[in-house]
Amino acid sequence: MEYVISVLVLMGIYVILSSSFNLIIGYGGLISIAHPIFFALGAYTTGVLSVNFSIWPPLALLAGGLVALVFSLMLSLPSLRISGDYLLITSIGFQLGLLEVIKHLGFLGGASGLGNIANVIEGDNRSEIFALISIGLAVIVFLFIRWLIQGPYGLLVSAMRDDELVYTSLGRNAMKVKLVIFAIGSACAGLAGGLYAYYYQYVNPDQFEILQSSMILTMVVVGGMGSQWGPVVGAVLLLFLPQAIGFLSFPPSVMAPLQGLLYSLLVIIFLFVRPQGLMARVVRKDA
Amino acid sequence: MTLSILLQILWTGLAVSSYAVLFAMAFSLILKVVKIWNFAQAGFMGLVFYSLYVSLNIFEWPMWAGVVLSFLVTTLAAIAFFHYGIETLRARHSSSLTFFILTLVVSQFMGYLFAMCFGTEPLTITKNIMSPVMLVGGIVVSHWDLQAMGLTALTVLLVYWILNRTHMGQFMSAVADHPGLARLYGIDVSRVYLYTIALACLLLTVGVYLLGLKVAMLPNTPLQMMLLAVIATLLGGMGQVFGAAAAAVLLSLIQSLSVFVIPSEWQSLLIYAFLFMTILFFPEGFSWTAMKSWFTVRRA
């Protein structure tokens, strides 16, 4: 039972990650693979605030989201002023570079990771409460993105994504929309990171490497880029993949690459066989 | 710092830039002619390395046979990727987002495949990566340095000759300028793409061969090496194959000289700093003409 509940906690976290990534890549049409680094920034910020300052947990979670937002602007401002294509290139460098920085900073625990993060929920029902919080937060993020995309701002985002030239020729500022979308998506990833840090009470730079990028990208592509339910379906399905291959009982040195191999293979298959993903995007009638 | 130390660092930097030059040229050539940001290059670099590793360490073939095999395997894989992947998506008029995702994910797929087959420990293509050295005017020169510089110079000259002195090179320029127009003039664009891919694979094979003789490789080493190629491509100017080569030399030299100012544990971060500085200050590439006109304006 404890195992099922821990999967539910992870499910909430990954629904936040995949939905927020979908906001960036699916709705905004912005290509970045650096989503895990914002997840990491949120986790580390919350962890450090908890270890060193014993800050009130909701405040630490928000701080995690805020730090992720600020860093997202540091990535998107220089890259997007040229072209959206540059964002992918800089995002690779940004993720690998920041992880390298984290590995060298003593107060973040270096390469061995940051431990001793406060246990904010004690007692027998710890995991159940975390599962409720995680799923609750996932529902809030999902509804917020839905509200954003279905509202007037969503029309602007779709118009910008579908034809940027026409959009800018109408006097609209495409750069501003991209920055906002990217910042919101990254802040949500930061929030998920904070939750992750509180639940596991330990974070390590290796948890936010390229495998994590593959995993989130797979969730979005398999579920359906630009669809509201796609990332949710993708996250739920993909979280069962490690369990599905668990029976093979390979050593961890084989299991991790095998998992990455399956994630990337799924993306390739879906790009060719069903590019719209499992849940195809619904085109707005007023768009 | 003495002059001999400075010269030594410059020499080593120049030798190490050899494979970076070849990787940057391969990336830039594909971008110029095929018009894709080929992030799958990291996967193909891995394929060259591991096919070399298998042929030399498992089949115990001679070096030349291993190099030929890895070139053939990589070229076939790259052509298959282009034909079944890129061309299919082009026929469907897929968005640039899809191309980016495909090339990136293929690269990751190959990286995981190598990690699964060969493990995550560093591997070398030869039993011993130590190269004999000699002292020339107070500078330590290794046999590898001479081999790397010579082979790179020959390869760059070959590419120069192909691009500037052959019909295929002219066809490549025509396709790079306007594939539709080139097709109208009777150029077989698909054939030009195949030659371009083969030429890029040749650059990768020579580059990985040199890299493999010098360092042990991990499955994610090609991704880091490709990042340098991407920066050099940006810095050299989009589609400027020899500009990318010059930028790769410059980056390698700066990286080598940075030992005077940056502690060794932070050295690995330098490449990411380059990336950001390039995007911030030279997004359209480094142009001497632009620099000259900037100075002229300042002087006026």
# chains A, B, ... in the order shown; residues from 1 in each chain; ligands from 1
call {"tool": "residues_around", "arguments": {"residues": "Thr155 in chain B", "least_positions_apart": "5", "cutoff": "10 Å", "atoms": "only C-alpha atoms", "output": "PyMOL selection string"}}
result
chain B and resi 22+149-150+160-161+202-203+206-207
call {"tool": "write_last_selection", "arguments": {"atoms": "N, CA, C and O atoms", "output": "PDB file, in the first residue's frame"}}
result
ATOM      1  N   LEU B  22      36.814  19.309 -36.635  1.00  0.00           N
ATOM      2  CA  LEU B  22      36.117  18.363 -37.506  1.00  0.00           C
ATOM      3  C   LEU B  22      34.648  18.204 -37.116  1.00  0.00           C
ATOM      4  O   LEU B  22      33.772  18.163 -37.977  1.00  0.00           O
ATOM      5  N   MET B 149      47.127  17.015 -35.849  1.00  0.00           N
ATOM      6  CA  MET B 149      47.193  18.232 -36.662  1.00  0.00           C
ATOM      7  C   MET B 149      47.309  17.906 -38.149  1.00  0.00           C
ATOM      8  O   MET B 149      46.654  18.521 -38.987  1.00  0.00           O
ATOM      9  N   GLY B 150      48.138  16.905 -38.462  1.00  0.00           N
ATOM     10  CA  GLY B 150      48.334  16.528 -39.866  1.00  0.00           C
ATOM     11  C   GLY B 150      47.049  15.998 -40.487  1.00  0.00           C
ATOM     12  O   GLY B 150      46.647  16.441 -41.577  1.00  0.00           O
ATOM     13  N   TYR B 160      37.714  21.378 -48.347  1.00  0.00           N
ATOM     14  CA  TYR B 160      37.834  22.628 -49.102  1.00  0.00           C
ATOM     15  C   TYR B 160      37.824  22.336 -50.600  1.00  0.00           C
ATOM     16  O   TYR B 160      37.132  22.995 -51.380  1.00  0.00           O
ATOM     17  N   TRP B 161      38.584  21.314 -50.959  1.00  0.00           N
ATOM     18  CA  TRP B 161      38.673  20.949 -52.382  1.00  0.00           C
ATOM     19  C   TRP B 161      37.302  20.485 -52.896  1.00  0.00           C
ATOM     20  O   TRP B 161      36.858  20.915 -53.959  1.00  0.00           O
ATOM     21  N   LEU B 202      32.428  11.393 -42.722  1.00  0.00           N
ATOM     22  CA  LEU B 202      33.884  11.265 -42.835  1.00  0.00           C
ATOM     23  C   LEU B 202      34.560  12.173 -41.800  1.00  0.00           C
ATOM     24  O   LEU B 202      35.502  11.771 -41.105  1.00  0.00           O
ATOM     25  N   LEU B 203      34.063  13.408 -41.685  1.00  0.00           N
ATOM     26  CA  LEU B 203      34.613  14.345 -40.702  1.00  0.00           C
ATOM     27  C   LEU B 203      34.459  13.780 -39.286  1.00  0.00           C
ATOM     28  O   LEU B 203      35.382  13.859 -38.467  1.00  0.00           O
ATOM     29  N   VAL B 206      36.964  10.775 -38.686  1.00  0.00           N
ATOM     30  CA  VAL B 206      38.344  11.200 -38.415  1.00  0.00           C
ATOM     31  C   VAL B 206      38.411  11.849 -37.026  1.00  0.00           C
ATOM     32  O   VAL B 206      39.330  11.578 -36.239  1.00  0.00           O
ATOM     33  N   GLY B 207      37.426  12.698 -36.716  1.00  0.00           N
ATOM     34  CA  GLY B 207      37.399  13.394 -35.422  1.00  0.00           C
ATOM     35  C   GLY B 207      37.314  12.428 -34.249  1.00  0.00           C
ATOM     36  O   GLY B 207      38.082  12.534 -33.288  1.00  0.00           O
TER      37      GLY B 207
END
call {"tool": "residues_around", "arguments": {"residues": "range 235-243 of chain A", "least_positions_apart": "3", "cutoff": "9 Å", "atoms": "only C-alpha atoms", "output": "number ranges by chain"}}
result
A: 7, 10-12, 14-15, 17-19, 215-216, 218-220, 222-223, 230-232, 246-247, 255, 259, 262-263
call {"tool": "closest_atom_pairs", "arguments": {"of": "range 53-101 of chain B", "to": "range 265-280 of chain A", "cutoff": "12 Å", "atoms": "only C-alpha atoms", "output": "JSON lines"}}
result
{"residue": "B:Phe81", "atom": "CA", "partner": "A:Ile268", "partner_atom": "CA", "distance": 11.5}
{"residue": "B:Tyr84", "atom": "CA", "partner": "A:Phe272", "partner_atom": "CA", "distance": 9.9}
{"residue": "B:Gly85", "atom": "CA", "partner": "A:Phe272", "partner_atom": "CA", "distance": 8.4}
{"residue": "B:Ile86", "atom": "CA", "partner": "A:Phe272", "partner_atom": "CA", "distance": 10.6}
{"residue": "B:Glu87", "atom": "CA", "partner": "A:Phe272", "partner_atom": "CA", "distance": 11.6}
{"residue": "B:Thr88", "atom": "CA", "partner": "A:Phe272", "partner_atom": "CA", "distance": 8.3}
{"residue": "B:Leu89", "atom": "CA", "partner": "A:Phe272", "partner_atom": "CA", "distance": 7.9}
{"residue": "B:Arg90", "atom": "CA", "partner": "A:Phe272", "partner_atom": "CA", "distance": 11.7}
{"residue": "B:Ala91", "atom": "CA", "partner": "A:Phe272", "partner_atom": "CA", "distance": 11.8}
{"residue": "B:Arg92", "atom": "CA", "partner": "A:Phe272", "partner_atom": "CA", "distance": 9.9}
{"residue": "B:Ser94", "atom": "CA", "partner": "A:Pro275", "partner_atom": "CA", "distance": 9.6}
{"residue": "B:Ser95", "atom": "CA", "partner": "A:Pro275", "partner_atom": "CA", "distance": 11.1}
{"residue": "B:Leu97", "atom": "CA", "partner": "A:Leu271", "partner_atom": "CA", "distance": 10.9}
{"residue": "B:Thr98", "atom": "CA", "partner": "A:Leu271", "partner_atom": "CA", "distance": 7.5}
{"residue": "B:Phe99", "atom": "CA", "partner": "A:Leu271", "partner_atom": "CA", "distance": 9.6}
{"residue": "B:Phe100", "atom": "CA", "partner": "A:Leu271", "partner_atom": "CA", "distance": 11.4}
{"residue": "B:Ile101", "atom": "CA", "partner": "A:Val267", "partner_atom": "CA", "distance": 8.6}
call {"tool": "write_last_selection", "arguments": {"atoms": "N, CA, C and O atoms", "output": "PDB file, in the first residue's frame"}}
result
ATOM      1  N   PHE B  81      18.719   7.356 -41.276  1.00  0.00           N
ATOM      2  CA  PHE B  81      18.043   8.339 -40.416  1.00  0.00           C
ATOM      3  C   PHE B  81      17.485   9.483 -41.263  1.00  0.00           C
ATOM      4  O   PHE B  81      16.338   9.913 -41.087  1.00  0.00           O
ATOM      5  N   TYR B  84      14.595   7.844 -43.790  1.00  0.00           N
ATOM      6  CA  TYR B  84      13.339   7.405 -43.157  1.00  0.00           C
ATOM      7  C   TYR B  84      12.827   8.393 -42.120  1.00  0.00           C
ATOM      8  O   TYR B  84      11.645   8.394 -41.802  1.00  0.00           O
ATOM      9  N   GLY B  85      13.712   9.206 -41.577  1.00  0.00           N
ATOM     10  CA  GLY B  85      13.282  10.152 -40.548  1.00  0.00           C
ATOM     11  C   GLY B  85      13.020  11.535 -41.098  1.00  0.00           C
ATOM     12  O   GLY B  85      11.865  11.967 -41.227  1.00  0.00           O
ATOM     13  N   ILE B  86      14.084  12.207 -41.483  1.00  0.00           N
ATOM     14  CA  ILE B  86      13.975  13.613 -41.890  1.00  0.00           C
ATOM     15  C   ILE B  86      13.086  13.762 -43.137  1.00  0.00           C
ATOM     16  O   ILE B  86      12.199  14.610 -43.173  1.00  0.00           O
ATOM     17  N   GLU B  87      13.343  12.902 -44.155  1.00  0.00           N
ATOM     18  CA  GLU B  87      12.563  13.026 -45.399  1.00  0.00           C
ATOM     19  C   GLU B  87      11.070  12.760 -45.170  1.00  0.00           C
ATOM     20  O   GLU B  87      10.223  13.416 -45.761  1.00  0.00           O
ATOM     21  N   THR B  88      10.782  11.790 -44.297  1.00  0.00           N
ATOM     22  CA  THR B  88       9.372  11.487 -43.999  1.00  0.00           C
ATOM     23  C   THR B  88       8.698  12.692 -43.362  1.00  0.00           C
ATOM     24  O   THR B  88       7.583  13.076 -43.746  1.00  0.00           O
ATOM     25  N   LEU B  89       9.387  13.297 -42.406  1.00  0.00           N
ATOM     26  CA  LEU B  89       8.792  14.461 -41.731  1.00  0.00           C
ATOM     27  C   LEU B  89       8.678  15.642 -42.702  1.00  0.00           C
ATOM     28  O   LEU B  89       7.717  16.401 -42.651  1.00  0.00           O
ATOM     29  N   ARG B  90       9.669  15.767 -43.605  1.00  0.00           N
ATOM     30  CA  ARG B  90       9.601  16.858 -44.595  1.00  0.00           C
ATOM     31  C   ARG B  90       8.405  16.665 -45.516  1.00  0.00           C
ATOM     32  O   ARG B  90       7.727  17.617 -45.873  1.00  0.00           O
ATOM     33  N   ALA B  91       8.204  15.405 -45.923  1.00  0.00           N
ATOM     34  CA  ALA B  91       7.071  15.114 -46.819  1.00  0.00           C
ATOM     35  C   ALA B  91       5.752  15.455 -46.143  1.00  0.00           C
ATOM     36  O   ALA B  91       4.781  15.807 -46.806  1.00  0.00           O
ATOM     37  N   ARG B  92       5.730  15.352 -44.813  1.00  0.00           N
ATOM     38  CA  ARG B  92       4.496  15.664 -44.074  1.00  0.00           C
ATOM     39  C   ARG B  92       4.394  17.138 -43.717  1.00  0.00           C
ATOM     40  O   ARG B  92       3.469  17.536 -43.028  1.00  0.00           O
ATOM     41  N   SER B  94       6.145  18.709 -41.520  1.00  0.00           N
ATOM     42  CA  SER B  94       6.147  18.823 -40.055  1.00  0.00           C
ATOM     43  C   SER B  94       6.805  20.128 -39.636  1.00  0.00           C
ATOM     44  O   SER B  94       7.616  20.706 -40.368  1.00  0.00           O
ATOM     45  N   SER B  95       6.453  20.582 -38.436  1.00  0.00           N
ATOM     46  CA  SER B  95       6.997  21.852 -37.934  1.00  0.00           C
ATOM     47  C   SER B  95       8.456  21.666 -37.531  1.00  0.00           C
ATOM     48  O   SER B  95       8.926  20.538 -37.322  1.00  0.00           O
ATOM     49  N   LEU B  97       9.678  22.251 -34.796  1.00  0.00           N
ATOM     50  CA  LEU B  97       9.664  21.645 -33.461  1.00  0.00           C
ATOM     51  C   LEU B  97       9.837  20.129 -33.558  1.00  0.00           C
ATOM     52  O   LEU B  97      10.615  19.530 -32.814  1.00  0.00           O
ATOM     53  N   THR B  98       9.150  19.515 -34.525  1.00  0.00           N
ATOM     54  CA  THR B  98       9.218  18.060 -34.684  1.00  0.00           C
ATOM     55  C   THR B  98      10.630  17.627 -35.088  1.00  0.00           C
ATOM     56  O   THR B  98      11.137  16.620 -34.588  1.00  0.00           O
ATOM     57  N   PHE B  99      11.263  18.406 -35.975  1.00  0.00           N
ATOM     58  CA  PHE B  99      12.625  18.061 -36.400  1.00  0.00           C
ATOM     59  C   PHE B  99      13.591  18.143 -35.217  1.00  0.00           C
ATOM     60  O   PHE B  99      14.461  17.290 -35.044  1.00  0.00           O
ATOM     61  N   PHE B 100      13.433  19.206 -34.432  1.00  0.00           N
ATOM     62  CA  PHE B 100      14.285  19.371 -33.261  1.00  0.00           C
ATOM     63  C   PHE B 100      14.130  18.185 -32.323  1.00  0.00           C
ATOM     64  O   PHE B 100      15.109  17.605 -31.868  1.00  0.00           O
ATOM     65  N   ILE B 101      12.864  17.839 -32.058  1.00  0.00           N
ATOM     66  CA  ILE B 101      12.601  16.742 -31.114  1.00  0.00           C
ATOM     67  C   ILE B 101      13.196  15.452 -31.662  1.00  0.00           C
ATOM     68  O   ILE B 101      13.871  14.715 -30.952  1.00  0.00           O
TER      69      ILE B 101
END
call {"tool": "interface_residues", "arguments": {"of": "chain B", "to": "chain A", "cutoff": "10 Å", "atoms": "only C-alpha atoms", "output": "PyMOL selection string"}}
result
chain B and resi 37+39+84-85+88-89+92+94-120+220+223-224+227-228+230-231+234+265-266+268-281+283-284
call {"tool": "select_by_dssp", "arguments": {"residues": "range 16-226 of chain B", "states": "alpha helix (DSSP H)", "output": "NGL selection string"}}
result
:B and (16-33 or 41-53 or 63-80 or 87-91 or 96-118 or 143-165 or 167-177 or 179-184 or 189-214 or 221-226)
call {"tool": "closest_residue", "arguments": {"among": "B:Ala24, B:Val34, B:Ala247, B:Leu235", "to": "Ser190 in chain B", "atoms": "only C-alpha atoms"}}
result
B:Val34
call {"tool": "residues_around", "arguments": {"residues": "Val175 in chain B", "least_positions_apart": "5", "cutoff": "7 Å", "atoms": "only C-alpha atoms", "output": "PyMOL selection string"}}
result
chain B and resi 33+182+189
call {"tool": "atom_distance", "arguments": {"atom1": "CA of Arg183 in chain B", "atom2": "CA of Ala80 in chain B"}}
result
21.9 Å
call {"tool": "select_by_dssp", "arguments": {"residues": "range 71-295 of chain B", "states": "strand (DSSP E or B)", "output": "PDB file with all heavy atoms, in the first residue's frame"}}
result
ATOM      1  N   LEU B 123      35.616   4.132 -21.751  1.00  0.00           N
ATOM      2  CA  LEU B 123      36.260   3.123 -22.602  1.00  0.00           C
ATOM      3  C   LEU B 123      37.256   3.797 -23.545  1.00  0.00           C
ATOM      4  O   LEU B 123      37.074   4.953 -23.919  1.00  0.00           O
ATOM      5  CB  LEU B 123      35.211   2.400 -23.458  1.00  0.00           C
ATOM      6  CG  LEU B 123      34.236   1.456 -22.759  1.00  0.00           C
ATOM      7  CD1 LEU B 123      33.238   0.913 -23.767  1.00  0.00           C
ATOM      8  CD2 LEU B 123      34.967   0.313 -22.087  1.00  0.00           C
ATOM      9  N   VAL B 133      56.436  11.065 -26.580  1.00  0.00           N
ATOM     10  CA  VAL B 133      56.644  12.517 -26.693  1.00  0.00           C
ATOM     11  C   VAL B 133      58.097  12.840 -27.040  1.00  0.00           C
ATOM     12  O   VAL B 133      58.992  12.029 -26.840  1.00  0.00           O
ATOM     13  CB  VAL B 133      56.262  13.249 -25.386  1.00  0.00           C
ATOM     14  CG1 VAL B 133      54.783  13.180 -25.120  1.00  0.00           C
ATOM     15  CG2 VAL B 133      57.060  12.732 -24.203  1.00  0.00           C
ATOM     16  N   MET B 134      58.295  14.052 -27.558  1.00  0.00           N
ATOM     17  CA  MET B 134      59.660  14.536 -27.791  1.00  0.00           C
ATOM     18  C   MET B 134      59.693  16.012 -27.400  1.00  0.00           C
ATOM     19  O   MET B 134      58.638  16.668 -27.313  1.00  0.00           O
ATOM     20  CB  MET B 134      60.053  14.349 -29.250  1.00  0.00           C
ATOM     21  CG  MET B 134      59.100  14.950 -30.238  1.00  0.00           C
ATOM     22  SD  MET B 134      59.516  14.412 -31.877  1.00  0.00           S
ATOM     23  CE  MET B 134      58.146  14.971 -32.815  1.00  0.00           C
ATOM     24  N   LEU B 135      60.883  16.504 -27.158  1.00  0.00           N
ATOM     25  CA  LEU B 135      61.027  17.900 -26.740  1.00  0.00           C
ATOM     26  C   LEU B 135      61.504  18.734 -27.926  1.00  0.00           C
ATOM     27  O   LEU B 135      62.566  18.472 -28.489  1.00  0.00           O
ATOM     28  CB  LEU B 135      62.040  17.974 -25.592  1.00  0.00           C
ATOM     29  CG  LEU B 135      61.776  19.017 -24.514  1.00  0.00           C
ATOM     30  CD1 LEU B 135      60.434  18.816 -23.863  1.00  0.00           C
ATOM     31  CD2 LEU B 135      62.889  18.998 -23.476  1.00  0.00           C
ATOM     32  N   VAL B 136      60.707  19.713 -28.330  1.00  0.00           N
ATOM     33  CA  VAL B 136      61.099  20.576 -29.453  1.00  0.00           C
ATOM     34  C   VAL B 136      61.141  22.020 -28.961  1.00  0.00           C
ATOM     35  O   VAL B 136      60.097  22.611 -28.675  1.00  0.00           O
ATOM     36  CB  VAL B 136      60.097  20.444 -30.634  1.00  0.00           C
ATOM     37  CG1 VAL B 136      60.515  21.327 -31.810  1.00  0.00           C
ATOM     38  CG2 VAL B 136      59.939  19.009 -31.075  1.00  0.00           C
ATOM     39  N   ILE B 139      59.294  22.661 -25.836  1.00  0.00           N
ATOM     40  CA  ILE B 139      57.861  22.321 -25.837  1.00  0.00           C
ATOM     41  C   ILE B 139      57.700  20.807 -26.014  1.00  0.00           C
ATOM     42  O   ILE B 139      58.349  20.209 -26.879  1.00  0.00           O
ATOM     43  CB  ILE B 139      57.118  23.060 -26.979  1.00  0.00           C
ATOM     44  CG1 ILE B 139      57.259  24.565 -26.789  1.00  0.00           C
ATOM     45  CG2 ILE B 139      55.654  22.679 -27.032  1.00  0.00           C
ATOM     46  CD1 ILE B 139      56.775  25.361 -27.968  1.00  0.00           C
ATOM     47  N   VAL B 140      56.847  20.237 -25.187  1.00  0.00           N
ATOM     48  CA  VAL B 140      56.601  18.800 -25.299  1.00  0.00           C
ATOM     49  C   VAL B 140      55.620  18.567 -26.447  1.00  0.00           C
ATOM     50  O   VAL B 140      54.500  19.082 -26.448  1.00  0.00           O
ATOM     51  CB  VAL B 140      56.011  18.246 -23.978  1.00  0.00           C
ATOM     52  CG1 VAL B 140      55.704  16.753 -24.104  1.00  0.00           C
ATOM     53  CG2 VAL B 140      56.956  18.510 -22.824  1.00  0.00           C
ATOM     54  N   VAL B 141      56.100  17.799 -27.427  1.00  0.00           N
ATOM     55  CA  VAL B 141      55.255  17.505 -28.597  1.00  0.00           C
ATOM     56  C   VAL B 141      55.032  15.994 -28.643  1.00  0.00           C
ATOM     57  O   VAL B 141      55.998  15.234 -28.690  1.00  0.00           O
ATOM     58  CB  VAL B 141      55.953  17.984 -29.899  1.00  0.00           C
ATOM     59  CG1 VAL B 141      55.141  17.581 -31.119  1.00  0.00           C
ATOM     60  CG2 VAL B 141      56.180  19.480 -29.869  1.00  0.00           C
ATOM     61  N   SER B 142      53.779  15.581 -28.601  1.00  0.00           N
ATOM     62  CA  SER B 142      53.511  14.141 -28.641  1.00  0.00           C
ATOM     63  C   SER B 142      53.253  13.704 -30.076  1.00  0.00           C
ATOM     64  O   SER B 142      52.899  14.526 -30.935  1.00  0.00           O
ATOM     65  CB  SER B 142      52.312  13.794 -27.757  1.00  0.00           C
ATOM     66  OG  SER B 142      51.128  14.245 -28.358  1.00  0.00           O
ATOM     67  N   MET B 217      36.188   7.465 -23.469  1.00  0.00           N
ATOM     68  CA  MET B 217      34.858   8.021 -23.763  1.00  0.00           C
ATOM     69  C   MET B 217      33.791   7.425 -22.855  1.00  0.00           C
ATOM     70  O   MET B 217      33.822   6.246 -22.522  1.00  0.00           O
ATOM     71  CB  MET B 217      34.480   7.703 -25.205  1.00  0.00           C
ATOM     72  CG  MET B 217      35.220   8.510 -26.228  1.00  0.00           C
ATOM     73  SD  MET B 217      34.225   9.877 -26.831  1.00  0.00           S
ATOM     74  CE  MET B 217      33.389   9.108 -28.174  1.00  0.00           C
TER      75      MET B 217
END
call {"tool": "residues_around", "arguments": {"residues": "Gly169 in chain B", "least_positions_apart": "2", "cutoff": "12 Å", "atoms": "only C-alpha atoms", "output": "list of chain:residue names"}}
result
B:Leu29, B:Val33, B:Leu158, B:Val159, B:Tyr160, B:Trp161, B:Ile162, B:Leu163, B:Asn164, B:Arg165, B:Thr166, B:His167, B:Phe171, B:Met172, B:Ser173, B:Ala174, B:Val175, B:Ala176, B:Ile187, B:Val192, B:Tyr193, B:Tyr195, B:Thr196, B:Leu199
call {"tool": "residues_around", "arguments": {"residues": "Gly47 in chain A", "least_positions_apart": "3", "cutoff": "7 Å", "atoms": "only C-alpha atoms", "output": "tab-separated table (two decimals) with N, CA and C atoms, in the first residue's frame"}}
result
chain	number	residue	atom	x	y	z
A	43	ALA	N	13.61	22.32	-6.12
A	43	ALA	CA	13.94	21.33	-5.09
A	43	ALA	C	15.08	21.83	-4.20
A	44	TYR	N	16.12	22.36	-4.84
A	44	TYR	CA	17.27	22.83	-4.07
A	44	TYR	C	16.93	24.07	-3.23
A	50	SER	N	14.85	24.99	3.89
A	50	SER	CA	14.40	24.13	4.96
A	50	SER	C	15.56	23.76	5.89
A	51	VAL	N	16.70	23.40	5.30
A	51	VAL	CA	17.86	22.96	6.10
A	51	VAL	C	18.45	24.12	6.90
A	117	ILE	N	16.75	17.36	4.80
A	117	ILE	CA	15.65	18.30	4.57
A	117	ILE	C	14.54	17.94	5.58
A	197	ALA	N	11.35	17.69	-2.91
A	197	ALA	CA	12.38	17.80	-1.86
A	197	ALA	C	11.78	17.49	-0.49
call {"tool": "atom_distance", "arguments": {"atom1": "CA of Glu128 in chain A", "atom2": "CA of Leu8 in chain A"}}
result
8.9 Å
call {"tool": "residues_around", "arguments": {"residues": "Leu66 in chain A", "least_positions_apart": "2", "cutoff": "9 Å", "atoms": "only C-alpha atoms", "output": "list in words"}}
result
Gly42, Leu61, Leu62, Ala63, Gly64, Ala68, Leu69, Val70, Phe71, Ala187, Gly190 and Leu191 of chain A
call {"tool": "write_last_selection", "arguments": {"atoms": "all heavy atoms", "output": "compact mmCIF listing (two decimals), in the first residue's frame"}}
result
# COMPACT_ATOMS: atom_id res chain seq x y z
N GLY A 42 13.85 24.43 -7.96
CA GLY A 42 12.79 24.45 -6.95
C GLY A 42 13.14 23.53 -5.79
O GLY A 42 13.01 23.90 -4.62
N LEU A 61 8.09 26.46 -0.62
CA LEU A 61 7.62 25.96 -1.91
C LEU A 61 7.48 27.10 -2.92
O LEU A 61 7.94 27.00 -4.06
CB LEU A 61 6.25 25.28 -1.77
CG LEU A 61 6.19 23.84 -1.28
CD1 LEU A 61 4.75 23.39 -1.19
CD2 LEU A 61 6.94 22.93 -2.23
N LEU A 62 6.87 28.20 -2.43
CA LEU A 62 6.69 29.36 -3.32
C LEU A 62 8.05 29.94 -3.72
O LEU A 62 8.24 30.35 -4.87
CB LEU A 62 5.85 30.43 -2.62
CG LEU A 62 4.36 30.12 -2.50
CD1 LEU A 62 3.65 31.21 -1.72
CD2 LEU A 62 3.73 29.99 -3.89
N ALA A 63 8.98 29.95 -2.76
CA ALA A 63 10.33 30.47 -3.07
C ALA A 63 10.98 29.60 -4.15
O ALA A 63 11.65 30.13 -5.04
CB ALA A 63 11.18 30.47 -1.81
N GLY A 64 10.74 28.28 -4.08
CA GLY A 64 11.27 27.37 -5.11
C GLY A 64 10.74 27.73 -6.48
O GLY A 64 11.48 27.79 -7.46
N ALA A 68 12.89 29.40 -9.69
CA ALA A 68 12.80 28.77 -11.02
C ALA A 68 12.34 29.80 -12.05
O ALA A 68 12.87 29.85 -13.17
CB ALA A 68 11.84 27.59 -10.98
N LEU A 69 11.40 30.64 -11.66
CA LEU A 69 10.89 31.68 -12.58
C LEU A 69 12.01 32.67 -12.97
O LEU A 69 12.20 32.98 -14.14
CB LEU A 69 9.73 32.42 -11.90
CG LEU A 69 8.97 33.45 -12.74
CD1 LEU A 69 7.50 33.41 -12.36
CD2 LEU A 69 9.48 34.86 -12.53
N VAL A 70 12.76 33.11 -11.94
CA VAL A 70 13.84 34.08 -12.21
C VAL A 70 14.89 33.46 -13.14
O VAL A 70 15.33 34.07 -14.11
CB VAL A 70 14.47 34.55 -10.88
CG1 VAL A 70 15.72 35.38 -11.12
CG2 VAL A 70 13.46 35.33 -10.05
N PHE A 71 15.27 32.21 -12.85
CA PHE A 71 16.27 31.54 -13.70
C PHE A 71 15.73 31.30 -15.10
O PHE A 71 16.49 31.31 -16.07
CB PHE A 71 16.73 30.23 -13.05
CG PHE A 71 17.88 30.43 -12.09
CD1 PHE A 71 17.67 30.88 -10.81
CD2 PHE A 71 19.17 30.16 -12.49
CE1 PHE A 71 18.73 31.08 -9.92
CE2 PHE A 71 20.24 30.35 -11.62
CZ PHE A 71 20.01 30.81 -10.33
N ALA A 187 8.09 28.08 -13.37
CA ALA A 187 7.71 28.28 -11.97
C ALA A 187 6.93 27.07 -11.45
O ALA A 187 7.14 26.62 -10.31
CB ALA A 187 6.89 29.56 -11.83
N GLY A 190 9.29 24.44 -10.66
CA GLY A 190 9.95 24.76 -9.39
C GLY A 190 9.10 24.33 -8.20
O GLY A 190 9.61 23.79 -7.22
N LEU A 191 7.80 24.56 -8.31
CA LEU A 191 6.86 24.15 -7.24
C LEU A 191 6.91 22.63 -7.06
O LEU A 191 6.98 22.13 -5.93
CB LEU A 191 5.44 24.53 -7.63
CG LEU A 191 4.92 25.91 -7.22
CD1 LEU A 191 3.49 26.07 -7.72
CD2 LEU A 191 4.95 26.08 -5.71
call {"tool": "residues_around", "arguments": {"residues": "Phe242 in chain B", "least_positions_apart": "4", "cutoff": "8 Å", "atoms": "only C-alpha atoms", "output": "ChimeraX atom specification"}}
result
/B:25,236,246
call {"tool": "atom_distance", "arguments": {"atom1": "CA of Leu143 in chain A", "atom2": "CA of Ser20 in chain A"}}
result
11.3 Å
